[in-house]
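Q: my_file_37.pdb is the file, holding PDB, C-alpha atoms:
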```pdb
ATOM      1  CA  MET A   1       1.958 -20.425  23.013  1.00  0.00           C
ATOM      2  CA  THR A   2       1.269 -21.634  19.465  1.00  0.00           C
ATOM      3  CA  LYS A   3       0.705 -18.956  16.821  1.00  0.00           C
ATOM      4  CA  PRO A   4      -2.695 -19.038  15.116  1.00  0.00           C
ATOM      5  CA  ILE A   5      -2.596 -20.234  11.489  1.00  0.00           C
ATOM      6  CA  GLU A   6      -2.770 -17.214   9.164  1.00  0.00           C
ATOM      7  CA  ALA A   7      -3.377 -19.176   5.959  1.00  0.00           C
ATOM      8  CA  SER A   8      -2.518 -22.423   4.192  1.00  0.00           C
ATOM      9  CA  ILE A   9       0.184 -22.328   1.516  1.00  0.00           C
ATOM     10  CA  VAL A  10       1.519 -24.842  -1.008  1.00  0.00           C
ATOM     11  CA  VAL A  11       5.215 -24.404  -1.868  1.00  0.00           C
ATOM     12  CA  VAL A  12       6.291 -25.889  -5.207  1.00  0.00           C
ATOM     13  CA  ASP A  13      10.028 -26.027  -6.007  1.00  0.00           C
ATOM     14  CA  ASP A  14      12.259 -28.851  -7.174  1.00  0.00           C
ATOM     15  CA  GLU A  15      15.235 -27.646  -5.089  1.00  0.00           C
ATOM     16  CA  PRO A  16      15.021 -29.214  -1.593  1.00  0.00           C
ATOM     17  CA  SER A  17      17.107 -26.432   0.000  1.00  0.00           C
ATOM     18  CA  ILE A  18      14.724 -23.723  -1.237  1.00  0.00           C
ATOM     19  CA  ARG A  19      11.649 -25.744  -0.202  1.00  0.00           C
ATOM     20  CA  ASP A  20      13.049 -26.339   3.282  1.00  0.00           C
ATOM     21  CA  LEU A  21      14.021 -22.684   3.716  1.00  0.00           C
ATOM     22  CA  LEU A  22      10.568 -21.460   2.663  1.00  0.00           C
ATOM     23  CA  VAL A  23       8.768 -24.031   4.818  1.00  0.00           C
ATOM     24  CA  ALA A  24      10.775 -23.064   7.921  1.00  0.00           C
ATOM     25  CA  SER A  25      10.242 -19.336   7.345  1.00  0.00           C
ATOM     26  CA  LEU A  26       6.519 -19.678   6.597  1.00  0.00           C
ATOM     27  CA  HIS A  27       5.908 -21.930   9.604  1.00  0.00           C
ATOM     28  CA  PHE A  28       7.685 -19.365  11.781  1.00  0.00           C
ATOM     29  CA  SER A  29       5.470 -16.612  10.304  1.00  0.00           C
ATOM     30  CA  GLY A  30       2.308 -18.524  11.214  1.00  0.00           C
ATOM     31  CA  PHE A  31       1.392 -20.270   7.946  1.00  0.00           C
ATOM     32  CA  GLU A  32       0.407 -23.897   7.389  1.00  0.00           C
ATOM     33  CA  VAL A  33       2.538 -25.335   4.574  1.00  0.00           C
ATOM     34  CA  ALA A  34       2.370 -28.279   2.166  1.00  0.00           C
ATOM     35  CA  THR A  35       5.008 -28.920  -0.496  1.00  0.00           C
ATOM     36  CA  ALA A  36       5.525 -30.410  -3.948  1.00  0.00           C
ATOM     37  CA  ALA A  37       8.690 -30.992  -5.988  1.00  0.00           C
ATOM     38  CA  SER A  38       7.240 -31.190  -9.511  1.00  0.00           C
ATOM     39  CA  GLY A  39       4.408 -29.781 -11.587  1.00  0.00           C
ATOM     40  CA  SER A  40       2.341 -32.957 -11.610  1.00  0.00           C
ATOM     41  CA  GLU A  41       2.752 -33.421  -7.857  1.00  0.00           C
ATOM     42  CA  ALA A  42       1.834 -29.756  -7.378  1.00  0.00           C
ATOM     43  CA  ILE A  43      -1.514 -30.221  -9.125  1.00  0.00           C
ATOM     44  CA  GLU A  44      -2.341 -33.217  -6.898  1.00  0.00           C
ATOM     45  CA  VAL A  45      -1.344 -31.427  -3.686  1.00  0.00           C
ATOM     46  CA  ILE A  46      -3.167 -28.202  -4.619  1.00  0.00           C
ATOM     47  CA  GLU A  47      -6.376 -30.099  -5.477  1.00  0.00           C
ATOM     48  CA  LYS A  48      -6.176 -31.959  -2.161  1.00  0.00           C
ATOM     49  CA  VAL A  49      -5.181 -29.061   0.128  1.00  0.00           C
ATOM     50  CA  GLN A  50      -7.203 -26.253  -1.531  1.00  0.00           C
ATOM     51  CA  PRO A  51      -4.691 -23.693  -0.200  1.00  0.00           C
ATOM     52  CA  ASP A  52      -5.164 -19.979   0.370  1.00  0.00           C
ATOM     53  CA  LEU A  53      -2.045 -19.236  -1.721  1.00  0.00           C
ATOM     54  CA  ILE A  54       0.493 -21.061  -3.898  1.00  0.00           C
ATOM     55  CA  ILE A  55       4.219 -20.311  -4.176  1.00  0.00           C
ATOM     56  CA  LEU A  56       5.165 -21.785  -7.536  1.00  0.00           C
ATOM     57  CA  ASP A  57       8.567 -22.121  -9.182  1.00  0.00           C
ATOM     58  CA  VAL A  58       8.424 -21.420 -12.925  1.00  0.00           C
ATOM     59  CA  MET A  59      11.120 -23.966 -13.912  1.00  0.00           C
ATOM     60  CA  LEU A  60      10.068 -27.460 -12.826  1.00  0.00           C
ATOM     61  CA  PRO A  61      11.402 -30.829 -14.028  1.00  0.00           C
ATOM     62  CA  ASP A  62       8.219 -32.029 -15.757  1.00  0.00           C
ATOM     63  CA  ILE A  63       5.708 -29.273 -16.531  1.00  0.00           C
ATOM     64  CA  ASP A  64       6.453 -25.618 -15.913  1.00  0.00           C
ATOM     65  CA  GLY A  65       4.707 -23.355 -13.426  1.00  0.00           C
ATOM     66  CA  PHE A  66       2.729 -21.569 -16.137  1.00  0.00           C
ATOM     67  CA  THR A  67       1.181 -24.862 -17.252  1.00  0.00           C
ATOM     68  CA  VAL A  68       0.417 -25.795 -13.645  1.00  0.00           C
ATOM     69  CA  THR A  69      -1.379 -22.474 -13.212  1.00  0.00           C
ATOM     70  CA  ARG A  70      -3.421 -22.944 -16.402  1.00  0.00           C
ATOM     71  CA  ARG A  71      -4.510 -26.426 -15.282  1.00  0.00           C
ATOM     72  CA  ILE A  72      -5.560 -25.459 -11.769  1.00  0.00           C
ATOM     73  CA  ARG A  73      -7.463 -22.464 -13.152  1.00  0.00           C
ATOM     74  CA  GLN A  74      -9.278 -24.841 -15.527  1.00  0.00           C
ATOM     75  CA  GLU A  75     -10.184 -26.919 -12.460  1.00  0.00           C
ATOM     76  CA  GLY A  76     -11.747 -23.838 -10.889  1.00  0.00           C
ATOM     77  CA  ILE A  77      -9.004 -23.310  -8.287  1.00  0.00           C
ATOM     78  CA  GLU A  78      -8.674 -19.563  -7.804  1.00  0.00           C
ATOM     79  CA  ALA A  79      -6.013 -19.472  -5.071  1.00  0.00           C
ATOM     80  CA  PRO A  80      -3.546 -16.648  -5.788  1.00  0.00           C
ATOM     81  CA  VAL A  81      -0.163 -17.662  -7.226  1.00  0.00           C
ATOM     82  CA  LEU A  82       3.203 -16.112  -6.344  1.00  0.00           C
ATOM     83  CA  PHE A  83       5.739 -17.190  -8.976  1.00  0.00           C
ATOM     84  CA  LEU A  84       9.405 -17.829  -8.213  1.00  0.00           C
ATOM     85  CA  THR A  85      11.612 -17.273 -11.247  1.00  0.00           C
ATOM     86  CA  ALA A  86      15.376 -17.477 -11.738  1.00  0.00           C
ATOM     87  CA  ARG A  87      15.132 -15.284 -14.820  1.00  0.00           C
ATOM     88  CA  ASP A  88      14.621 -11.550 -14.518  1.00  0.00           C
ATOM     89  CA  ASP A  89      12.872 -11.559 -17.870  1.00  0.00           C
ATOM     90  CA  THR A  90       9.930  -9.287 -18.647  1.00  0.00           C
ATOM     91  CA  GLN A  91       8.371 -11.847 -21.005  1.00  0.00           C
ATOM     92  CA  ASP A  92       8.285 -14.461 -18.221  1.00  0.00           C
ATOM     93  CA  LYS A  93       6.631 -11.998 -15.868  1.00  0.00           C
ATOM     94  CA  VAL A  94       4.025 -10.958 -18.408  1.00  0.00           C
ATOM     95  CA  MET A  95       3.315 -14.635 -19.137  1.00  0.00           C
ATOM     96  CA  GLY A  96       2.925 -15.364 -15.435  1.00  0.00           C
ATOM     97  CA  LEU A  97       0.340 -12.637 -14.992  1.00  0.00           C
ATOM     98  CA  THR A  98      -1.421 -13.631 -18.222  1.00  0.00           C
ATOM     99  CA  VAL A  99      -2.001 -17.240 -17.130  1.00  0.00           C
ATOM    100  CA  GLY A 100      -3.477 -16.145 -13.808  1.00  0.00           C
ATOM    101  CA  GLY A 101      -0.537 -15.417 -11.520  1.00  0.00           C
ATOM    102  CA  ASP A 102      -0.731 -12.621  -8.965  1.00  0.00           C
ATOM    103  CA  ASP A 103       2.896 -11.649  -8.351  1.00  0.00           C
ATOM    104  CA  TYR A 104       6.452 -12.877  -8.837  1.00  0.00           C
ATOM    105  CA  VAL A 105       9.765 -12.891  -6.985  1.00  0.00           C
ATOM    106  CA  THR A 106      13.114 -13.251  -8.727  1.00  0.00           C
ATOM    107  CA  LYS A 107      15.696 -15.654  -7.290  1.00  0.00           C
ATOM    108  CA  PRO A 108      17.717 -15.095  -5.191  1.00  0.00           C
ATOM    109  CA  PHE A 109      15.082 -13.592  -2.916  1.00  0.00           C
ATOM    110  CA  SER A 110      14.880 -12.563   0.715  1.00  0.00           C
ATOM    111  CA  LEU A 111      12.509 -14.511   2.937  1.00  0.00           C
ATOM    112  CA  GLU A 112      11.268 -11.211   4.384  1.00  0.00           C
ATOM    113  CA  GLU A 113      10.243 -10.082   0.897  1.00  0.00           C
ATOM    114  CA  VAL A 114       8.403 -13.332   0.177  1.00  0.00           C
ATOM    115  CA  VAL A 115       6.430 -13.144   3.436  1.00  0.00           C
ATOM    116  CA  ALA A 116       5.583  -9.459   2.801  1.00  0.00           C
ATOM    117  CA  ARG A 117       4.336 -10.232  -0.703  1.00  0.00           C
ATOM    118  CA  ILE A 118       2.287 -13.199   0.542  1.00  0.00           C
ATOM    119  CA  ARG A 119       0.535 -11.032   3.112  1.00  0.00           C
ATOM    120  CA  ALA A 120      -0.055  -8.266   0.563  1.00  0.00           C
ATOM    121  CA  ILE A 121      -1.614 -10.741  -1.882  1.00  0.00           C
ATOM    122  CA  LEU A 122      -3.794 -12.324   0.808  1.00  0.00           C
ATOM    123  CA  ARG A 123      -4.960  -8.927   1.987  1.00  0.00           C
ATOM    124  CA  ARG A 124      -5.904  -7.874  -1.556  1.00  0.00           C
ATOM    125  CA  THR A 125      -7.692 -11.190  -2.066  1.00  0.00           C
ATOM    126  CA  HIS A 126      -9.691 -10.857   1.141  1.00  0.00           C
ATOM    127  CA  GLU A 127     -10.666  -7.288   0.263  1.00  0.00           C
ATOM    128  CA  GLN A 128     -11.906  -8.444  -3.144  1.00  0.00           C
ATOM    129  CA  GLU A 129     -13.888 -11.264  -1.529  1.00  0.00           C
ATOM    130  CA  ASP A 130     -15.454  -8.787   0.887  1.00  0.00           C
ATOM    131  CA  ASN A 131     -16.414  -6.574  -2.063  1.00  0.00           C
ATOM    132  CA  ASN A 132     -15.199  -3.569  -0.096  1.00  0.00           C
ATOM    133  CA  PRO A 133     -13.180  -1.156  -2.232  1.00  0.00           C
ATOM    134  CA  VAL A 134     -12.096   0.903   0.801  1.00  0.00           C
ATOM    135  CA  ILE A 135      -8.940   0.103   2.760  1.00  0.00           C
ATOM    136  CA  SER A 136      -7.883   2.121   5.754  1.00  0.00           C
ATOM    137  CA  VAL A 137      -5.118   2.707   8.278  1.00  0.00           C
ATOM    138  CA  GLY A 138      -6.445   4.792  11.135  1.00  0.00           C
ATOM    139  CA  ASP A 139      -8.268   7.783   9.633  1.00  0.00           C
ATOM    140  CA  LEU A 140      -6.511   7.362   6.252  1.00  0.00           C
ATOM    141  CA  GLU A 141      -8.681   5.773   3.559  1.00  0.00           C
ATOM    142  CA  ILE A 142      -8.190   4.702  -0.053  1.00  0.00           C
ATOM    143  CA  ASN A 143     -11.123   3.845  -2.300  1.00  0.00           C
ATOM    144  CA  GLU A 144      -9.823   1.376  -4.886  1.00  0.00           C
ATOM    145  CA  ASP A 145     -12.778   1.943  -7.208  1.00  0.00           C
ATOM    146  CA  SER A 146     -12.553   5.721  -7.423  1.00  0.00           C
ATOM    147  CA  HIS A 147      -8.859   6.077  -6.408  1.00  0.00           C
ATOM    148  CA  ASP A 148      -9.967   8.756  -3.920  1.00  0.00           C
ATOM    149  CA  VAL A 149      -7.739   9.240  -0.872  1.00  0.00           C
ATOM    150  CA  THR A 150      -8.905  10.931   2.328  1.00  0.00           C
ATOM    151  CA  ARG A 151      -7.268  11.689   5.677  1.00  0.00           C
ATOM    152  CA  ALA A 152      -9.508  12.565   8.612  1.00  0.00           C
ATOM    153  CA  GLY A 153     -12.287  13.012   6.066  1.00  0.00           C
ATOM    154  CA  GLN A 154     -10.324  15.514   3.996  1.00  0.00           C
ATOM    155  CA  PRO A 155      -9.374  14.752   0.353  1.00  0.00           C
ATOM    156  CA  VAL A 156      -5.681  14.133  -0.386  1.00  0.00           C
ATOM    157  CA  ASP A 157      -4.537  14.737  -3.961  1.00  0.00           C
ATOM    158  CA  LEU A 158      -1.869  12.220  -5.031  1.00  0.00           C
ATOM    159  CA  SER A 159      -0.036  11.580  -8.289  1.00  0.00           C
ATOM    160  CA  PRO A 160      -0.363   8.045  -9.757  1.00  0.00           C
ATOM    161  CA  THR A 161       3.074   7.083  -8.391  1.00  0.00           C
ATOM    162  CA  GLU A 162       2.317   8.515  -4.946  1.00  0.00           C
ATOM    163  CA  TYR A 163      -0.966   6.593  -4.930  1.00  0.00           C
ATOM    164  CA  LYS A 164       0.791   3.337  -5.841  1.00  0.00           C
ATOM    165  CA  LEU A 165       3.413   3.870  -3.135  1.00  0.00           C
ATOM    166  CA  LEU A 166       0.758   4.622  -0.516  1.00  0.00           C
ATOM    167  CA  ARG A 167      -1.261   1.582  -1.571  1.00  0.00           C
ATOM    168  CA  TYR A 168       1.809  -0.645  -1.206  1.00  0.00           C
ATOM    169  CA  LEU A 169       2.556   0.720   2.264  1.00  0.00           C
ATOM    170  CA  MET A 170      -1.078   0.199   3.309  1.00  0.00           C
ATOM    171  CA  ASP A 171      -1.088  -3.334   1.896  1.00  0.00           C
ATOM    172  CA  ASN A 172       1.773  -4.049   4.301  1.00  0.00           C
ATOM    173  CA  GLU A 173       0.498  -2.103   7.303  1.00  0.00           C
ATOM    174  CA  GLY A 174       2.743  -2.549  10.333  1.00  0.00           C
ATOM    175  CA  ARG A 175       5.617  -4.077   8.317  1.00  0.00           C
ATOM    176  CA  VAL A 176       8.856  -2.383   7.387  1.00  0.00           C
ATOM    177  CA  LEU A 177       9.526  -2.310   3.627  1.00  0.00           C
ATOM    178  CA  SER A 178      13.057  -1.802   2.348  1.00  0.00           C
ATOM    179  CA  LYS A 179      13.897   0.719  -0.365  1.00  0.00           C
ATOM    180  CA  ALA A 180      14.705  -2.191  -2.688  1.00  0.00           C
ATOM    181  CA  GLN A 181      11.266  -3.741  -2.105  1.00  0.00           C
ATOM    182  CA  ILE A 182       9.558  -0.411  -2.729  1.00  0.00           C
ATOM    183  CA  LEU A 183      11.569   0.229  -5.913  1.00  0.00           C
ATOM    184  CA  ASP A 184      10.745  -3.257  -7.133  1.00  0.00           C
ATOM    185  CA  HIS A 185       7.011  -2.964  -6.496  1.00  0.00           C
ATOM    186  CA  VAL A 186       6.241   0.673  -7.254  1.00  0.00           C
ATOM    187  CA  TRP A 187       8.671   1.339 -10.100  1.00  0.00           C
ATOM    188  CA  GLN A 188       8.793  -2.357 -11.060  1.00  0.00           C
ATOM    189  CA  TYR A 189      11.619  -3.751 -13.092  1.00  0.00           C
ATOM    190  CA  ASP A 190      12.022  -0.920 -15.583  1.00  0.00           C
ATOM    191  CA  TRP A 191      13.417   1.583 -13.086  1.00  0.00           C
ATOM    192  CA  GLY A 192      17.195   1.909 -13.321  1.00  0.00           C
ATOM    193  CA  GLY A 193      17.670   4.647 -10.730  1.00  0.00           C
ATOM    194  CA  ASP A 194      18.836   4.474  -7.140  1.00  0.00           C
ATOM    195  CA  ALA A 195      17.034   4.442  -3.840  1.00  0.00           C
ATOM    196  CA  ALA A 196      17.028   8.259  -3.587  1.00  0.00           C
ATOM    197  CA  ILE A 197      13.779   8.265  -5.578  1.00  0.00           C
ATOM    198  CA  VAL A 198      12.116   6.342  -2.739  1.00  0.00           C
ATOM    199  CA  GLU A 199      13.255   8.915  -0.170  1.00  0.00           C
ATOM    200  CA  SER A 200      11.871  11.721  -2.341  1.00  0.00           C
ATOM    201  CA  TYR A 201       8.453  10.104  -2.784  1.00  0.00           C
ATOM    202  CA  ILE A 202       8.190   9.179   0.897  1.00  0.00           C
ATOM    203  CA  SER A 203       8.831  12.868   1.621  1.00  0.00           C
ATOM    204  CA  TYR A 204       6.069  13.882  -0.831  1.00  0.00           C
ATOM    205  CA  LEU A 205       3.649  11.440   0.793  1.00  0.00           C
ATOM    206  CA  ARG A 206       4.456  12.673   4.293  1.00  0.00           C
ATOM    207  CA  LYS A 207       3.715  16.263   3.328  1.00  0.00           C
ATOM    208  CA  LYS A 208       0.362  15.289   1.824  1.00  0.00           C
ATOM    209  CA  VAL A 209      -0.833  12.456   4.085  1.00  0.00           C
ATOM    210  CA  ASP A 210       0.694  13.465   7.428  1.00  0.00           C
ATOM    211  CA  GLY A 211       0.449  17.198   6.725  1.00  0.00           C
ATOM    212  CA  VAL A 212      -3.351  17.350   6.947  1.00  0.00           C
ATOM    213  CA  THR A 213      -4.707  19.695   9.601  1.00  0.00           C
ATOM    214  CA  VAL A 214      -8.000  19.284  11.460  1.00  0.00           C
ATOM    215  CA  ARG A 215      -9.908  21.437  13.919  1.00  0.00           C
ATOM    216  CA  GLY A 216      -9.521  20.169  17.454  1.00  0.00           C
ATOM    217  CA  ALA A 217     -11.884  20.298  20.416  1.00  0.00           C
ATOM    218  CA  ASP A 218     -10.221  23.587  21.424  1.00  0.00           C
ATOM    219  CA  GLY A 219     -11.313  25.153  18.136  1.00  0.00           C
ATOM    220  CA  ASN A 220      -7.743  25.405  16.837  1.00  0.00           C
ATOM    221  CA  MET A 221      -6.224  23.654  13.819  1.00  0.00           C
ATOM    222  CA  HIS A 222      -3.878  20.770  14.565  1.00  0.00           C
ATOM    223  CA  LYS A 223      -1.835  18.415  12.414  1.00  0.00           C
ATOM    224  CA  VAL A 224      -3.002  14.816  12.319  1.00  0.00           C
ATOM    225  CA  ALA A 225      -0.798  12.207  13.999  1.00  0.00           C
ATOM    226  CA  PRO A 226       1.851  10.885  11.577  1.00  0.00           C
ATOM    227  CA  LEU A 227       1.246   7.447  10.069  1.00  0.00           C
ATOM    228  CA  ILE A 228       4.390   7.011   7.922  1.00  0.00           C
ATOM    229  CA  GLU A 229       7.488   5.945   9.873  1.00  0.00           C
ATOM    230  CA  THR A 230      11.154   5.658   8.944  1.00  0.00           C
ATOM    231  CA  LYS A 231      13.163   2.783  10.390  1.00  0.00           C
ATOM    232  CA  ARG A 232      16.722   4.023   9.966  1.00  0.00           C
ATOM    233  CA  GLY A 233      18.907   1.739   7.906  1.00  0.00           C
ATOM    234  CA  ILE A 234      15.954  -0.593   7.192  1.00  0.00           C
ATOM    235  CA  GLY A 235      13.113   1.132   5.360  1.00  0.00           C
ATOM    236  CA  TYR A 236       9.621   2.565   5.811  1.00  0.00           C
ATOM    237  CA  MET A 237       6.287   1.508   7.218  1.00  0.00           C
ATOM    238  CA  ILE A 238       2.779   2.795   7.810  1.00  0.00           C
ATOM    239  CA  ARG A 239       0.710   2.053  10.905  1.00  0.00           C
ATOM    240  CA  GLU A 240      -1.916   3.578  13.127  1.00  0.00           C
ATOM    241  CA  PRO A 241      -0.384   5.725  15.891  1.00  0.00           C
ATOM    242  CA  LYS A 242      -0.292   4.177  19.338  1.00  0.00           C
ATOM    243  CA  LYS A 243      -2.910   5.515  21.715  1.00  0.00           C
ATOM    244  CA  ALA A 244      -1.484   7.814  24.351  1.00  0.00           C
TER
END
```
Would you put the structure from the file into structure tokens?
A:
Amino acid sequence: MTKPIEASIVVVDDEPSIRDLLVASLHFSGFEVATAASGSEAIEVIEKVQPDLIILDVMLPDIDGFTVTRRIRQEGIEAPVLFLTARDDTQDKVMGLTVGGDDYVTKPFSLEEVVARIRAILRRTHEQEDNNPVISVGDLEINEDSHDVTRAGQPVDLSPTEYKLLRYLMDNEGRVLSKAQILDHVWQYDWGGDAAIVESYISYLRKKVDGVTVRGADGNMHKVAPLIETKRGIGYMIREPKKA
């Protein structure tokens, strides 16, 4: 049975091996993919395809990815851009976001990480289009406008870092995120510590989010069903509990 198309993506990279690897992985994940090998070709393909998202290498043989992004933005193309960069340089990343990029992945990258970031970007984009500031997983809700968090209708008080971690997990509902991915996204590229910080903050979140108690039909207080899961040796995920 053929998978339904999740979204259309344009992959721009001058290295055939990287293009082919991304195309194969994205097709397998349910995306429709078009490709380009240079900046000028990218602009033509993007204007023709009108994709839902663009994966764009920064270093291209003719015009760089930043220039490509500026030009398509001038043409009114608002598709989100995920930059691929070989340089783990803060200035490059700031430039990418300044010209209208949405996220970036440093080479070498894992295909799992790229797919997770694509889905997170598309989810954020769709939420913005819907003009709905509230995202939810089961009875857990985040209001992006007010930064209020509730579980089963009860307020949950989170620190800024806990909020960012929870938001990242909810953006990737049902998908396992590695400690490296979480460190990269939540603490970004300035954090020089080890993965123990992730374990600590997951523990904090569990106590606050999965520690909420509610009054049951029997009149007694019961803990809510846990949403945050640990996949040993892999990472963490959040998803709605399976119905009994």
Q: Ranking A:Ser40, A:Ile121, A:Leu111, A:Asp57 by minimum distance to A:Ala79 and counting only C-alpha atoms, which one comes first?
A: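 Among the listed residues, the smallest separation from A:Ala79 belongs to A:Ile121.
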Q: Write out as a list in words the residues lying within 10 Å of A:Ile54, counting all atoms listed in the file and excluding same-chain residues fewer than 3 positions away.
A: Ser8, Ile9, Val10, Val11, Val12, Val33, Ala34, Thr35, Ala42, Ile46, Gln50, Pro51, Asp57, Thr69, Ala79, Pro80, Val81, Leu82, Phe83, Gly101, Asp102 and Ile118 of chain A
Q: Name the residues in contact with A:Ile142 at a cut-off of 12 Å, using all atoms listed in the file, excluding same-chain residues fewer than 4 positions from it; report them as a PyMOL selection string.
A: chain A and resi 132-138+146-158+163-164+166-171+209
Q: Go through A:Ile43, A:Ile77, A:Leu84, A:Ala180 and flag the residue nearest A:Glu15, using all atoms listed in the file for the distances.
A: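 Comparing A:Ile43, A:Ile77, A:Leu84, A:Ala180 against A:Glu15, the winner is A:Leu84.
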Q: Between atom CA of A:Ser17 and atom CA of A:Glu32, what is the distance in Å, rounded to a tenth?
A: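 Between these atoms lies a distance of 18.4 Å.
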Q: If I take atom CA of A:Glu6 and atom CA of A:Glu75, how far is one from the other in Å, to one decimal?
A: 24.8 Å
Q: Can you measure atom CA of A:Val176 to atom CA of A:Met237 for me? One decimal in Å is fine.
A: 4.7 Å
Q: Select, from A:Val224, A:Glu162, A:Ala36, A:Arg215, the residue with the minimum atom-to-atom distance to A:Ile197, counting all atoms listed in the file.
A: A:Glu162
Q: Which of these residues is nearest to A:Ala116, using all atoms listed in the file: A:Pro61, A:Gly76, A:Gly174, A:Pro241?
A: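 Between A:Pro61, A:Gly76, A:Gly174, A:Pro241, the residue approaching A:Ala116 most closely is A:Gly174.
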Q: Check which residues satisfy the PyMOL selection byres ((chain A and resi 114) around 10) in the file shown, then give them as a PyMOL selection string.
A: chain A and resi 22+25-26+55+82+84+104-105+109-113+115-120
Q: Go ahead and write the selection's residues with C-alpha atoms as a PDB file, keeping the file's coordinate frame.
A:
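Result file follows (again_35.pdb):
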```pdb
ATOM      1  CA  LEU A  22      10.568 -21.460   2.663  1.00  0.00           C
ATOM      2  CA  SER A  25      10.242 -19.336   7.345  1.00  0.00           C
ATOM      3  CA  LEU A  26       6.519 -19.678   6.597  1.00  0.00           C
ATOM      4  CA  ILE A  55       4.219 -20.311  -4.176  1.00  0.00           C
ATOM      5  CA  LEU A  82       3.203 -16.112  -6.344  1.00  0.00           C
ATOM      6  CA  LEU A  84       9.405 -17.829  -8.213  1.00  0.00           C
ATOM      7  CA  TYR A 104       6.452 -12.877  -8.837  1.00  0.00           C
ATOM      8  CA  VAL A 105       9.765 -12.891  -6.985  1.00  0.00           C
ATOM      9  CA  PHE A 109      15.082 -13.592  -2.916  1.00  0.00           C
ATOM     10  CA  SER A 110      14.880 -12.563   0.715  1.00  0.00           C
ATOM     11  CA  LEU A 111      12.509 -14.511   2.937  1.00  0.00           C
ATOM     12  CA  GLU A 112      11.268 -11.211   4.384  1.00  0.00           C
ATOM     13  CA  GLU A 113      10.243 -10.082   0.897  1.00  0.00           C
ATOM     14  CA  VAL A 115       6.430 -13.144   3.436  1.00  0.00           C
ATOM     15  CA  ALA A 116       5.583  -9.459   2.801  1.00  0.00           C
ATOM     16  CA  ARG A 117       4.336 -10.232  -0.703  1.00  0.00           C
ATOM     17  CA  ILE A 118       2.287 -13.199   0.542  1.00  0.00           C
ATOM     18  CA  ARG A 119       0.535 -11.032   3.112  1.00  0.00           C
ATOM     19  CA  ALA A 120      -0.055  -8.266   0.563  1.00  0.00           C
TER      20      ALA A 120
END
```
Q: Give the answer as one residue: which of A:Asp20, A:Asp13, A:Leu53, A:Ile72 has the shortest atom-to-atom distance to A:Ala86, using only C-alpha atoms?
A: A:Asp13
Q: Choose the residue, out of A:Val68, A:Ile63, A:Leu165, A:Ile182, that has the smallest atom-to-atom separation from A:Glu47; count only C-alpha atoms.
A: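 The closest residue to A:Glu47 is A:Val68.
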